[in-house]
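Below is one structure; the comments refer to it alone.
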Amino acid sequence: MTTSNPGIPVEPSVEQKRPSGPRKLTKAEIRASEAKTRLTSPWATGIAIIMAILWTIPTFGLLITSIRPQASIQQSGWWTWFTNPEFTLQNYETVLTGSSTAFGTYFVNTLVITIPAVVIPITIALLAAYAFAWIEFRGRDLLFVAVFALQIVPLQVTLIPLLSIYVDVGLAGSFWTVWLSHSIFALPLAIFMFHNFMKDIPRSLVEAARVDGAGHVRIFFRVLLPLLVPAVAAFTVFQFLWVWNDLLVALTFAGGTPNVAPLTVRLAELSGSRGQDWHLLSAGAFVALIVPVLIFLFGQRYFVRGLLAGGVKG
């Protein structure tokens with residue numbers, strides 16, 4: 001039998017350290033549990049199913065219309081397809097390869113517009129958000145408030161001044177006008193969103209990296225950026241859908257240049273000059289619709305995580 005030295009404190013065992021009884025939940029965990037209970041209730045599930053059906057019916061009708069012959073479209077509604085099914089791909093062939101529609105060219109233009117218009121604001125916003133969140137400089141709070149206030153500026157009031165600037169500097173009629181415009185309009189929201197995510201990251205994590213000798217570049221790329229993947233993915237999906245479906249900006253800065261105009265501009269022309277050719281309009285609309293739908297389906301997990309992350313705080 002061994003005895004301990006009364007002058008030396010004895011370290012308590014793991015069993016002695018462990019508190020007795022169940023662990024008390026934090027406020028954040030309680031709120032998360034309550035939100036999960038509300039969202040998984042039968043009533044919430046039923047309402048979500050009804051909304052999904054109502055949102056899907058127009059898309060389903062558009063798909064059926066796009067595969068029906070022109071004569072059938074003009075004589076009856078799409079719901080009659082179930083009693084008299086008819087199928088043709090001539091509408092898509094005319095839309096994609098026809099000399100009068102040339103949707104293939106506009107499809108490529110949309111990709112060329114959308115990808116840089118997503119990458120540019122995300123890159124700039126991440127760097128700006130890091131500066132606002134973790135770098136001390138004079139006037140930081142005032143400048144952040146100014147960036148936040150830019151979100152309330154209506155998009156329409158900036159179109160004419162921007163177009164005048166683009167004409168003066170010789171950028172009119174190029175992809176740069178659309179890239180820069182979408183980046184400018186997206187930056188305030190992106191900076192605000194990424195800043196809030198970065199501020200939720202524990203300061204001790206950043207301070208530990210600084211103690212290990214990491215500078216701002218290494219902290220940004222090795223510590224913070226991996227934790228911001230849900231936020232970046234959420235804003236990527238949001239910005240991609242916004243730019244892909246945009247008509248106002250594209251019509252203002254690229255509408256008069258066929259080599260730059262996106263799908264939405266061509267769809268507007270079909271709707272105006274070919275009001276009777278519903279078979280082409282429906283096929284063209286579905287061609288423009290399919291890419292955003294696929295992007296959202298593949299990125300919805302990150303999109304939801306990015307929207308909900310940081311929303312529940314203790």
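In the structure tokens, each chain is lettered A, B, ... as it comes, each chain's residues begin at 1, and ligands are numbered from 1 in order of appearance.
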request  = Name the residues in contact with Thr158 of chain A at a cut-off of 12 Å, using only C-alpha atoms, excluding same-chain residues fewer than 2 positions from it; report them as a VMD selection string.
outcome  = chain A and resid 150 153 to 156 160 to 165 181 to 182 184 to 185 248 to 249 252 to 253
Using only C-alpha atoms: which of A:Ile135, A:Val243, A:Ala129, A:Leu289 has the shortest distance to Met198 of chain A = A:Ala129
Residues of segment 228-249 of chain A that approach segment 107-113 of chain A to 10 Å or less, counting only C-alpha atoms: could you list each one with the shortest pair of atoms and its distance in Å to one decimal, rows by chain and increasing residue number, as a tab-separated table?
```
residue	atom	partner	partner_atom	distance
A:Phe240	CA	A:Leu111	CA	9.9
A:Val243	CA	A:Ile113	CA	7.9
A:Trp244	CA	A:Thr110	CA	6.7
A:Asn245	CA	A:Thr110	CA	9.4
```
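Across the structure, atom CA of Trp78 of chain A and atom CA of Ala285 of chain A are spaced 15.4 Å apart.
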request  = Might you pull out every residue within 9 Å of Phe87 of chain A, with only C-alpha atoms counted and same-chain residues fewer than 3 positions away left off, and present them as a list in words?
outcome  =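 Contacts, in chain order: Ile64, Ile67, Arg68 and Pro69 of chain A.
Closest approach to Ala117 of chain A among A:Val237, A:Leu270, A:Ala186, A:Ile201: A:Ala186, based on only C-alpha atoms.
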ask   = Which is closer to Met193 of chain A than all the others in A:Leu247, A:Leu224, A:Leu62, A:Ile122, using only C-alpha atoms?
value =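 Comparing A:Leu247, A:Leu224, A:Leu62, A:Ile122 against Met193 of chain A, the winner is A:Ile122.
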query = Quick one: residues within 9 Å of segment 294-303 of chain A, only C-alpha atoms counted, chain neighbours fewer than 3 positions away excluded, as JSON, numbers by chain?
reply = {"A": [229, 230, 231, 232, 233, 234, 235, 236, 237, 238, 240, 241, 289, 290, 291, 306, 307, 308]}
Hey, can you spit out that residue selection with C-alpha atoms as a PDB file, in the first residue's frame?
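Produced file result_7.pdb, reproduced below:
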```pdb
ATOM      1  CA  VAL A 229     -16.147  26.635 -48.036  1.00  0.00           C
ATOM      2  CA  PRO A 230     -19.910  26.563 -47.209  1.00  0.00           C
ATOM      3  CA  ALA A 231     -20.140  30.361 -47.420  1.00  0.00           C
ATOM      4  CA  VAL A 232     -18.197  30.513 -50.690  1.00  0.00           C
ATOM      5  CA  ALA A 233     -20.295  27.698 -52.176  1.00  0.00           C
ATOM      6  CA  ALA A 234     -23.544  29.375 -51.110  1.00  0.00           C
ATOM      7  CA  PHE A 235     -22.602  32.703 -52.660  1.00  0.00           C
ATOM      8  CA  THR A 236     -21.284  30.950 -55.782  1.00  0.00           C
ATOM      9  CA  VAL A 237     -24.666  29.329 -56.380  1.00  0.00           C
ATOM     10  CA  PHE A 238     -26.490  32.583 -55.637  1.00  0.00           C
ATOM     11  CA  PHE A 240     -24.281  32.105 -60.693  1.00  0.00           C
ATOM     12  CA  LEU A 241     -28.082  31.982 -60.781  1.00  0.00           C
ATOM     13  CA  LEU A 289     -33.076  26.777 -67.643  1.00  0.00           C
ATOM     14  CA  ILE A 290     -31.286  23.471 -67.506  1.00  0.00           C
ATOM     15  CA  VAL A 291     -27.817  24.719 -66.494  1.00  0.00           C
ATOM     16  CA  GLY A 306     -23.839  28.362 -46.176  1.00  0.00           C
ATOM     17  CA  LEU A 307     -27.145  30.105 -45.536  1.00  0.00           C
ATOM     18  CA  LEU A 308     -27.676  28.490 -42.127  1.00  0.00           C
TER      19      LEU A 308
END
```
